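K.L.:
What follows is the file protein-v9.tsv, containing TSV, C-alpha atoms and all ligand atoms:
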```tsv
chain	number	residue	atom	x	y	z
A	581	MET	CA	-10.70	-27.67	7.36
A	582	PRO	CA	-11.14	-25.04	10.08
A	583	VAL	CA	-10.22	-21.47	9.18
A	584	THR	CA	-7.44	-20.26	11.48
A	585	VAL	CA	-5.66	-16.94	12.05
A	586	HIS	CA	-1.88	-16.84	12.70
A	587	PRO	CA	-0.24	-13.48	13.51
A	588	LEU	CA	2.84	-12.76	11.38
A	589	SER	CA	4.49	-10.23	13.70
A	590	PRO	CA	3.63	-8.48	16.97
A	591	ALA	CA	2.38	-5.30	15.29
A	592	ILE	CA	0.89	-6.20	11.92
A	593	GLY	CA	-0.21	-9.02	9.64
A	594	ALA	CA	-1.80	-12.44	10.01
A	595	GLU	CA	-1.86	-15.53	7.85
A	596	ILE	CA	-5.24	-17.12	7.25
A	597	ARG	CA	-5.09	-20.89	6.83
A	598	GLY	CA	-7.70	-23.38	5.80
A	599	VAL	CA	-9.45	-21.43	3.07
A	600	ASP	CA	-9.41	-21.66	-0.71
A	601	ILE	CA	-10.30	-18.13	-1.80
A	602	SER	CA	-10.92	-19.10	-5.44
A	603	GLY	CA	-14.31	-20.52	-4.51
A	604	ARG	CA	-17.41	-19.37	-2.70
A	605	ILE	CA	-16.71	-18.03	0.79
A	606	GLY	CA	-19.44	-18.77	3.33
A	607	GLU	CA	-20.69	-16.12	5.72
A	608	ALA	CA	-19.01	-17.62	8.79
A	609	THR	CA	-15.65	-17.82	7.01
A	610	PHE	CA	-16.01	-14.29	5.67
A	611	SER	CA	-16.67	-12.90	9.11
A	612	ILE	CA	-13.50	-14.57	10.48
A	613	ILE	CA	-11.48	-13.12	7.60
A	614	HIS	CA	-13.02	-9.68	7.94
A	615	GLN	CA	-12.44	-9.52	11.70
A	616	ALA	CA	-8.84	-10.69	11.25
A	617	TRP	CA	-8.33	-7.97	8.68
A	618	LEU	CA	-9.56	-5.29	11.09
A	619	ASP	CA	-7.41	-6.74	13.86
A	620	HIS	CA	-4.19	-7.22	11.85
A	621	GLY	CA	-4.32	-4.76	8.90
A	622	VAL	CA	-2.59	-7.16	6.49
A	623	LEU	CA	-3.70	-10.71	5.63
A	624	LEU	CA	-1.79	-13.45	3.84
A	625	PHE	CA	-3.33	-16.46	2.06
A	626	ARG	CA	-0.69	-18.92	0.83
A	627	GLY	CA	-0.91	-21.51	-1.91
A	628	GLN	CA	-3.80	-19.96	-3.82
A	629	SER	CA	-4.54	-20.59	-7.47
A	630	LEU	CA	-6.47	-17.61	-8.82
A	631	ASP	CA	-7.32	-16.39	-12.28
A	632	ALA	CA	-8.18	-12.71	-12.64
A	633	GLU	CA	-11.90	-13.32	-12.39
A	634	GLN	CA	-11.56	-15.41	-9.22
A	635	GLN	CA	-9.34	-12.77	-7.65
A	636	ARG	CA	-11.84	-10.04	-8.61
A	637	ALA	CA	-14.70	-12.04	-7.07
A	638	PHE	CA	-12.80	-12.45	-3.78
A	639	VAL	CA	-11.82	-8.77	-3.65
A	640	SER	CA	-15.38	-7.63	-4.32
A	641	LEU	CA	-16.51	-9.28	-1.06
A	642	PHE	CA	-14.81	-6.36	0.71
A	643	GLY	CA	-16.37	-3.46	-1.21
A	644	THR	CA	-16.56	-1.75	-4.58
A	645	ILE	CA	-13.66	-2.55	-6.88
A	646	GLY	CA	-11.37	0.51	-7.10
A	647	VAL	CA	-10.18	2.19	-10.24
A	648	ARG	CA	-6.62	3.19	-10.96
A	649	SER	CA	-5.78	6.79	-10.16
A	650	ALA	CA	-6.20	8.66	-13.45
A	651	ALA	CA	-3.00	9.77	-15.16
A	652	LEU	CA	-2.60	13.53	-15.40
A	653	PRO	CA	-3.27	14.78	-18.93
A	654	HIS	CA	0.40	15.32	-19.77
A	655	LYS	CA	1.23	11.71	-18.87
A	656	ARG	CA	1.08	9.13	-21.60
A	657	PRO	CA	-1.01	6.11	-20.67
A	658	ARG	CA	1.17	3.07	-20.14
A	659	ALA	CA	1.04	-0.18	-21.98
A	660	PHE	CA	-1.42	-2.22	-20.01
A	661	GLU	CA	-1.84	-5.66	-21.40
A	662	GLY	CA	-0.56	-8.98	-20.37
A	663	PRO	CA	-1.46	-12.52	-19.63
A	664	ASP	CA	-4.94	-12.93	-18.32
A	665	TYR	CA	-5.99	-9.32	-18.94
A	666	ASN	CA	-8.83	-7.97	-16.81
A	667	ALA	CA	-9.95	-4.36	-17.09
A	668	ASP	CA	-10.12	-3.92	-13.30
A	669	ALA	CA	-6.77	-5.52	-12.62
A	670	MET	CA	-3.44	-3.80	-12.60
A	671	LEU	CA	-0.30	-5.78	-13.23
A	672	VAL	CA	2.68	-4.93	-11.06
A	673	SER	CA	5.53	-6.24	-13.17
A	674	ASN	CA	8.94	-5.63	-14.71
A	675	ILE	CA	8.17	-7.92	-17.66
A	676	ARG	CA	8.51	-6.04	-20.91
A	677	LYS	CA	6.77	-6.54	-24.22
A	678	ASP	CA	8.16	-4.62	-27.19
A	679	GLY	CA	10.37	-2.77	-24.72
A	680	LYS	CA	7.47	-1.48	-22.60
A	681	PRO	CA	6.58	-2.79	-19.13
A	682	ILE	CA	3.32	-4.74	-19.19
A	683	GLY	CA	2.51	-3.39	-15.74
A	684	VAL	CA	3.20	-0.59	-13.30
A	685	LEU	CA	5.90	-0.11	-10.62
A	686	PRO	CA	8.21	-2.25	-12.75
A	687	ASP	CA	11.73	-2.32	-11.34
A	688	GLY	CA	13.50	-2.29	-8.07
A	689	GLU	CA	13.05	-0.67	-4.75
A	690	MET	CA	9.99	1.30	-3.71
A	691	TRP	CA	10.03	3.45	-0.58
A	692	PHE	CA	7.36	3.31	2.09
A	693	HIS	CA	4.03	4.73	0.95
A	694	HIS	CA	0.27	4.50	1.35
A	695	ASP	CA	-1.33	3.72	-2.01
A	696	MET	CA	-3.00	6.81	-3.50
A	697	CYS	CA	-2.67	9.01	-0.39
A	698	TYR	CA	-2.11	11.81	-2.92
A	699	SER	CA	-5.73	11.44	-4.05
A	700	PRO	CA	-8.67	13.01	-2.16
A	701	THR	CA	-10.27	9.54	-2.13
A	702	PRO	CA	-7.50	6.94	-1.82
A	703	ASN	CA	-8.24	3.30	-2.38
A	704	ARG	CA	-9.29	1.59	0.81
A	705	ALA	CA	-7.35	-1.62	0.28
A	706	SER	CA	-5.09	-3.41	-2.17
A	707	PHE	CA	-4.89	-7.15	-2.97
A	708	LEU	CA	-1.66	-8.39	-4.55
A	709	TYR	CA	-1.41	-11.92	-5.95
A	710	SER	CA	1.98	-13.33	-6.87
A	711	ILE	CA	2.36	-15.17	-10.19
A	712	GLU	CA	6.13	-14.98	-10.84
A	713	ILE	CA	8.84	-13.95	-8.38
A	714	PRO	CA	12.60	-13.36	-8.62
A	715	SER	CA	15.07	-15.73	-6.95
A	716	HIS	CA	15.72	-13.14	-4.25
A	717	GLY	CA	14.68	-9.60	-3.31
A	718	GLY	CA	11.38	-7.92	-4.10
A	719	GLU	CA	10.11	-8.43	-0.56
A	720	THR	CA	7.25	-6.26	0.59
A	721	HIS	CA	7.47	-4.64	4.02
A	722	PHE	CA	4.36	-3.52	5.87
A	723	ALA	CA	4.20	-1.14	8.82
A	724	SER	CA	1.34	-0.66	11.27
A	725	MET	CA	0.46	3.01	11.41
A	726	TYR	CA	-1.72	2.37	14.46
A	727	ALA	CA	1.37	1.15	16.30
A	728	ALA	CA	3.48	3.99	14.88
A	729	PHE	CA	0.98	6.53	16.23
A	730	GLU	CA	0.67	4.82	19.59
A	731	ARG	CA	4.46	4.77	20.05
A	732	LEU	CA	4.82	8.54	19.51
A	733	PRO	CA	5.76	10.52	22.60
A	734	GLU	CA	2.96	12.79	23.83
A	735	ARG	CA	4.87	15.92	22.76
A	736	LEU	CA	4.85	14.68	19.15
A	737	LYS	CA	1.20	13.67	19.24
A	738	ALA	CA	0.36	17.16	20.51
A	739	ARG	CA	2.39	18.76	17.70
A	740	ILE	CA	0.71	16.86	14.89
A	741	GLU	CA	-2.90	16.37	15.89
A	742	GLY	CA	-5.26	18.53	13.84
A	743	ARG	CA	-2.60	19.29	11.22
A	744	ARG	CA	-2.63	18.43	7.54
A	745	VAL	CA	0.13	17.09	5.34
A	746	LEU	CA	0.75	17.51	1.62
A	747	GLN	CA	0.83	14.14	-0.13
A	748	ALA	CA	2.21	14.10	-3.70
A	749	PHE	CA	3.51	11.54	-6.16
A	750	ASP	CA	4.88	11.43	-9.67
A	751	GLU	CA	5.98	7.94	-10.69
A	752	VAL	CA	9.43	7.96	-9.05
A	753	GLN	CA	9.57	5.04	-6.61
A	754	ASP	CA	12.70	5.68	-4.57
A	755	ALA	CA	13.18	9.42	-4.17
A	756	ARG	CA	11.13	12.32	-2.91
A	757	LEU	CA	9.82	14.86	-5.38
A	758	ASP	CA	11.65	18.16	-5.40
A	759	LEU	CA	8.65	20.43	-5.04
A	760	SER	CA	10.89	23.51	-5.21
A	761	ARG	CA	11.42	22.63	-8.90
A	762	ILE	CA	8.21	20.87	-9.91
A	763	PRO	CA	4.98	22.90	-9.90
A	764	LEU	CA	2.41	21.24	-7.68
A	765	GLU	CA	-0.18	21.31	-10.50
A	766	ASP	CA	2.06	18.95	-12.49
A	767	VAL	CA	1.87	16.14	-9.94
A	768	LYS	CA	-0.93	14.25	-8.28
A	769	HIS	CA	-1.40	15.76	-4.84
A	770	ALA	CA	-3.82	16.27	-1.94
A	771	TRP	CA	-3.74	17.80	1.55
A	772	GLN	CA	-4.66	15.07	4.00
A	773	PRO	CA	-4.98	14.78	7.78
A	774	LEU	CA	-1.69	13.79	9.40
A	775	VAL	CA	-3.47	11.61	11.93
A	776	ILE	CA	-6.54	9.80	10.66
A	777	ARG	CA	-9.37	7.90	12.27
A	778	HIS	CA	-10.02	4.50	10.79
A	779	PRO	CA	-13.66	4.32	9.64
A	780	GLU	CA	-14.23	0.75	10.87
A	781	THR	CA	-12.01	0.27	13.92
A	782	GLY	CA	-12.24	3.89	15.18
A	783	ARG	CA	-8.49	3.73	15.95
A	784	LYS	CA	-6.04	6.54	15.20
A	785	ALA	CA	-3.30	6.00	12.62
A	786	LEU	CA	-0.34	8.06	11.48
A	787	TYR	CA	-0.77	9.04	7.82
A	788	VAL	CA	2.71	9.98	6.60
A	789	ASN	CA	5.29	8.14	4.52
A	790	ARG	CA	8.76	8.86	3.16
A	791	LEU	CA	7.88	8.64	-0.52
A	792	MET	CA	4.76	10.78	-0.74
A	793	SER	CA	4.47	13.07	2.33
A	794	HIS	CA	6.10	16.42	1.65
A	795	ARG	CA	5.00	19.27	3.84
A	796	ILE	CA	3.22	19.76	7.14
A	797	GLU	CA	0.79	22.65	7.09
A	798	GLY	CA	1.48	25.66	9.29
A	799	LEU	CA	5.20	24.96	9.85
A	800	SER	CA	8.27	26.47	8.21
A	801	GLU	CA	9.94	24.28	5.63
A	802	ALA	CA	12.80	23.45	7.99
A	803	GLU	CA	10.45	22.61	10.87
A	804	SER	CA	8.28	20.54	8.57
A	805	ASP	CA	11.25	18.60	7.18
A	806	ALA	CA	12.59	17.84	10.64
A	807	LEU	CA	9.21	16.76	12.00
A	808	LEU	CA	8.49	14.59	8.96
A	809	GLU	CA	11.85	12.86	9.31
A	810	GLU	CA	11.05	12.12	12.94
A	811	LEU	CA	7.63	10.73	12.03
A	812	PHE	CA	9.08	8.57	9.22
A	813	THR	CA	11.41	7.02	11.78
A	814	TYR	CA	8.46	5.95	13.94
A	815	GLY	CA	6.60	4.57	10.91
A	816	GLU	CA	9.61	2.62	9.67
A	817	ASP	CA	10.65	1.26	13.07
A	818	PRO	CA	11.27	-2.50	12.78
A	819	ALA	CA	9.08	-2.92	15.89
A	820	VAL	CA	5.97	-1.99	13.88
A	821	ARG	CA	6.85	-3.96	10.73
A	822	TYR	CA	6.29	-7.27	8.99
A	823	GLU	CA	8.50	-8.31	6.06
A	824	HIS	CA	6.72	-10.47	3.52
A	825	VAL	CA	8.91	-12.88	1.57
A	826	TRP	CA	6.82	-13.91	-1.42
A	827	LYS	CA	6.03	-17.38	-2.68
A	828	VAL	CA	4.15	-17.99	-5.90
A	829	GLY	CA	0.44	-18.29	-5.09
A	830	ASP	CA	0.41	-15.79	-2.20
A	831	LEU	CA	-2.45	-13.34	-1.96
A	832	VAL	CA	-1.68	-10.46	0.37
A	833	MET	CA	-4.35	-7.88	1.15
A	834	TRP	CA	-3.61	-4.69	3.03
A	835	ASP	CA	-5.62	-1.92	4.59
A	836	ASN	CA	-4.34	1.30	3.09
A	837	LEU	CA	-5.45	3.51	5.95
A	838	CYS	CA	-3.78	1.79	8.88
A	839	SER	CA	-0.69	0.47	7.10
A	840	MET	CA	2.00	1.57	4.69
A	841	HIS	CA	4.30	-0.63	2.62
A	842	ALA	CA	7.62	-0.66	0.77
A	843	ARG	CA	9.40	-3.00	-1.64
A	844	THR	CA	13.05	-4.05	-1.56
A	845	ASP	CA	15.26	-4.15	-4.65
A	846	PHE	CA	15.47	-7.24	-6.88
A	847	PRO	CA	17.50	-8.26	-9.96
A	848	ARG	CA	16.39	-6.43	-13.10
A	849	THR	CA	17.21	-9.52	-15.11
A	850	GLU	CA	14.62	-11.67	-13.35
A	851	ARG	CA	10.87	-11.61	-13.87
A	852	ARG	CA	8.38	-10.49	-11.25
A	853	LEU	CA	4.65	-10.58	-11.96
A	854	MET	CA	1.88	-9.67	-9.54
A	855	ARG	CA	-1.80	-9.06	-10.20
A	856	ARG	CA	-3.44	-6.35	-8.18
A	857	PHE	CA	-7.02	-5.30	-7.52
A	858	THR	CA	-8.14	-2.60	-5.13
A	859	ILE	CA	-11.21	-1.56	-3.15
A	860	ALA	CA	-12.37	2.02	-3.60
A	861	GLY	CA	-12.38	4.36	-0.61
A	862	GLY	CA	-13.90	7.67	0.41
A	863	PRO	CA	-12.38	10.85	1.82
A	864	VAL	CA	-9.95	10.28	4.67
A	865	THR	CA	-11.22	11.35	8.11
A	866	ALA	CA	-9.10	13.32	10.57
A	867	ALA	CA	-8.71	11.82	14.04
B	1	LIG	C1	1.61	-1.78	-4.84
B	1	LIG	C2	2.96	-1.94	-4.30
B	1	LIG	C3	4.69	-3.51	-3.83
B	1	LIG	C4	5.30	-4.71	-4.42
B	1	LIG	O1	1.18	-2.65	-5.62
B	1	LIG	O2	0.94	-0.80	-4.47
B	1	LIG	O3	3.43	-1.05	-3.64
B	1	LIG	O4	5.85	-5.50	-3.65
B	1	LIG	N1	3.57	-3.08	-4.56
B	1	LIG	O5	5.27	-4.86	-5.64
B	2	MN	MN	1.88	0.45	-3.16
```
Could you render the structure from this file as structure tokens?
Ligand code: OGA
Ligand code: MN
P.N.:
Amino acid sequence: MPVTVHPLSPAIGAEIRGVDISGRIGEATFSIIHQAWLDHGVLLFRGQSLDAEQQRAFVSLFGTIGVRSAALPHKRPRAFEGPDYNADAMLVSNIRKDGKPIGVLPDGEMWFHHDMCYSPTPNRASFLYSIEIPSHGGETHFASMYAAFERLPERLKARIEGRRVLQAFDEVQDARLDLSRIPLEDVKHAWQPLVIRHPETGRKALYVNRLMSHRIEGLSEAESDALLEELFTYGEDPAVRYEHVWKVGDLVMWDNLCSMHARTDFPRTERRLMRRFTIAGGPVTAA
């Protein structure tokens, strides 16, 4: 079967058809997939049947398998077992065993974010494979941060280029941290460029998101809040988004530098189970 690339929206995402990613991927097929990934930022493979080892093998074609961001010392490690345990995998799930979630990001809505932007070396990419899904909700939205940057008026580009932004996160999925109450040392955080240059495509991307971006360097708090809100609006504009409605057997991979993502709410009473691997990344480069 020929491998084909089908865009999922004008700004971001493509479905790859005609490939079974559980097996060996030839060089020609890999180069089609890799180019599509650079072109579209998010790739979808439907109808896959992957155990943890097969998923790990596919992911490792794209780089070094990433590790989870280490919990700060005062944070208890979470229960991290489940079906088909693999030390490199992370389960994203609301399923509970002895009252404790078997995975991370268990319930409900999650605001737009870039994975690990609060780390000096965020993961380069994430690969989420769906095993169990609720009857409705739990969709994942992706936004092209290339398109968000390109759509900014020149006056905004001029205001943000060369600036840094404080990225911080502490477990809460659907509210911003109140950094006037929480000491920065108590949460994972990093100052990052507000506009980044993608290491492979050379394109500029906006690097802010509603959940984790807190403060723009060199501005008053009020100016920073107002500018961030304006930038969030560009990033979350439906014109730059793709909404993924999951089916069991979907593998979605996203580039964490040129895209951000969010999850919609879903019933707490229904099970959702995803298996995630990541690719490690280096320091983020300013545009
Ligand atoms: C993640 C994430 C969204 C989802 O795994 O990083 O944000 O739909 N997941 O579960
Ligand atoms: Mn995420």
K.L.:
Which one of A:Arg704, A:Arg851, A:Arg761, A:His586 sits closest to ligand MN 2 (chain B) if you count all atoms listed in the file?
P.N.:
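Checking each of A:Arg704, A:Arg851, A:Arg761, A:His586 against ligand MN 2 (chain B), counting all atoms listed in the file, the winner is A:Arg704.
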K.L.:
Restricting the calculation to only C-alpha atoms: of A:Leu837, A:Ile859, A:Leu807, A:Ala728, which residue gets closest to Ala669 in chain A?
P.N.:
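So, comparing all the options, the nearest one is A:Ile859.
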K.L.:
Let me make sure I understand: among A:Glu595, A:Glu689, A:Glu801, A:Glu850, which one has the smallest atom-to-atom distance to ligand MN 2 (chain B) if we use only C-alpha atoms and all ligand atoms?
P.N.:
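Nearest candidate to ligand MN 2 (chain B) out of A:Glu595, A:Glu689, A:Glu801, A:Glu850: A:Glu689.
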K.L.:
How close does chain A get to ligand LIG 1 (chain B)? List, as CSV, each residue of chain A within 7 Å, its nearest atom pair and the distance in Å to one decimal, counting all atoms listed in the file.
P.N.:
```
residue,atom,partner,partner_atom,distance
A:Val672,CA,B:LIG1,O5,6.0
A:Leu685,CA,B:LIG1,O5,6.9
A:Met690,CA,B:LIG1,O3,7.0
A:Asp695,CA,B:LIG1,O2,5.6
A:Ser706,CA,B:LIG1,O2,7.0
A:Leu708,CA,B:LIG1,O1,6.5
A:Gly718,CA,B:LIG1,O4,6.1
A:Glu719,CA,B:LIG1,O4,6.0
A:Thr720,CA,B:LIG1,O4,4.5
A:His841,CA,B:LIG1,O3,6.3
A:Ala842,CA,B:LIG1,O3,6.1
A:Arg843,CA,B:LIG1,O4,4.8
A:Arg856,CA,B:LIG1,O1,6.4
```
K.L.:
Could you tell me which of A:Ile612, A:Val828, A:Ile592, A:Met670 comes closest to ligand MN 2 (chain B) if we count all atoms listed in the file?
P.N.:
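Counting all atoms listed in the file, the residue closest to ligand MN 2 (chain B) is A:Met670.
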K.L.:
Could you jot down the CA of Ile645 in chain A to CA of Leu588 in chain A separation for me, Å, one decimal place?
P.N.:
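Going from CA of Ile645 in chain A over to CA of Leu588 in chain A covers 26.6 Å.
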K.L.:
Provide the CA of Glu607 in chain A to CA of Gly646 in chain A distance in Å, to one decimal place.
P.N.:
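Result for CA of Glu607 in chain A versus CA of Gly646 in chain A: 23.0 Å, one decimal.
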K.L.:
Using all atoms listed in the file, can you tell me which of A:Ala755, A:Ala867, A:Leu791, A:Ile740 comes closest to ligand MN 2 (chain B)?
P.N.:
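Counting all atoms listed in the file, the residue closest to ligand MN 2 (chain B) is A:Leu791.
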K.L.:
Go through A:Glu751, A:Asp758, A:Glu741, A:Asp830 and flag the residue nearest ligand MN 2 (chain B), using only C-alpha atoms and all ligand atoms for the distances.
P.N.:
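Selected residue with least distance to ligand MN 2 (chain B): A:Glu751.
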K.L.:
Figure out the distance between CA of Phe707 in chain A and CA of Ser793 in chain A, please, to one decimal in Å.
P.N.:
22.9 Å
K.L.:
Using only C-alpha atoms, determine which residues lie at most 10 Å from Pro863 in chain A, disregarding the query and same-chain residues fewer than 6 positions distant; provide the list as an mmCIF file with C-alpha atoms, in the coordinates of the input.
P.N.:
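Contents of part.cif, freshly written:
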```
data_model
loop_
_atom_site.group_PDB
_atom_site.id
_atom_site.type_symbol
_atom_site.label_atom_id
_atom_site.label_comp_id
_atom_site.auth_asym_id
_atom_site.auth_seq_id
_atom_site.Cartn_x
_atom_site.Cartn_y
_atom_site.Cartn_z
ATOM 1 C CA SER A 699 -5.730 11.440 -4.050
ATOM 2 C CA PRO A 700 -8.670 13.010 -2.160
ATOM 3 C CA THR A 701 -10.270 9.540 -2.130
ATOM 4 C CA PRO A 702 -7.500 6.940 -1.820
ATOM 5 C CA ASN A 703 -8.240 3.300 -2.380
ATOM 6 C CA ARG A 704 -9.290 1.590 0.810
ATOM 7 C CA GLN A 772 -4.660 15.070 4.000
#
```
K.L.:
Residues proximal to (2.0, 17.2, 17.4) were defined as those with any atom within 12 Å of that point in the file's coordinates, counting all atoms listed in the file. Which are they, as a PyMOL selection string?
P.N.:
chain A and resi 729+732-744+774-775+786+796-799+803-804+807-808+810-811
K.L.:
Residues within 6 Å of His694 in chain A, please, as number ranges by chain. Count all atoms listed in the file; anything in the same chain fewer than 2 positions from it doesn't count.
P.N.:
A: 697, 836, 840
K.L.:
If we count only C-alpha atoms and set the cut-off at 8 Å, which residues sit around range 686-688 of chain A, ignoring sequence neighbours fewer than 3 positions away in its own chain? Please answer as a PyMOL selection string.
P.N.:
chain A and resi 672-675+681+683+718+843-848
K.L.:
Could you give me, as CSV, a per-residue list for range 726-775 of chain A showing, wherever an atom lies at most 10 Å from an atom of range 820-826 of chain A, the closest pair of atoms and their distance in Å to one decimal, using only C-alpha atoms and sorting by chain then residue number from low to high?
P.N.:
```
residue,atom,partner,partner_atom,distance
A:Tyr726,CA,A:Val820,CA,8.9
A:Ala727,CA,A:Val820,CA,6.1
A:Ala728,CA,A:Val820,CA,6.6
A:Arg731,CA,A:Val820,CA,9.3
```
K.L.:
Could those selected residues go to a file with C-alpha atoms, as a compact mmCIF listing (two decimals), in the coordinates of the input?
P.N.:
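See part_6.txt below for the written result:
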```
# COMPACT_ATOMS: atom_id res chain seq x y z
CA TYR A 726 -1.72 2.37 14.46
CA ALA A 727 1.37 1.15 16.30
CA ALA A 728 3.48 3.99 14.88
CA ARG A 731 4.46 4.77 20.05
```
K.L.:
Can you pull out the residues contacting Phe625 in chain A? Cut-off 10 Å, using all atoms listed in the file, and skip same-chain residues under 5 positions away; I want them as number ranges by chain.
P.N.:
A: 594-601, 709, 829-833
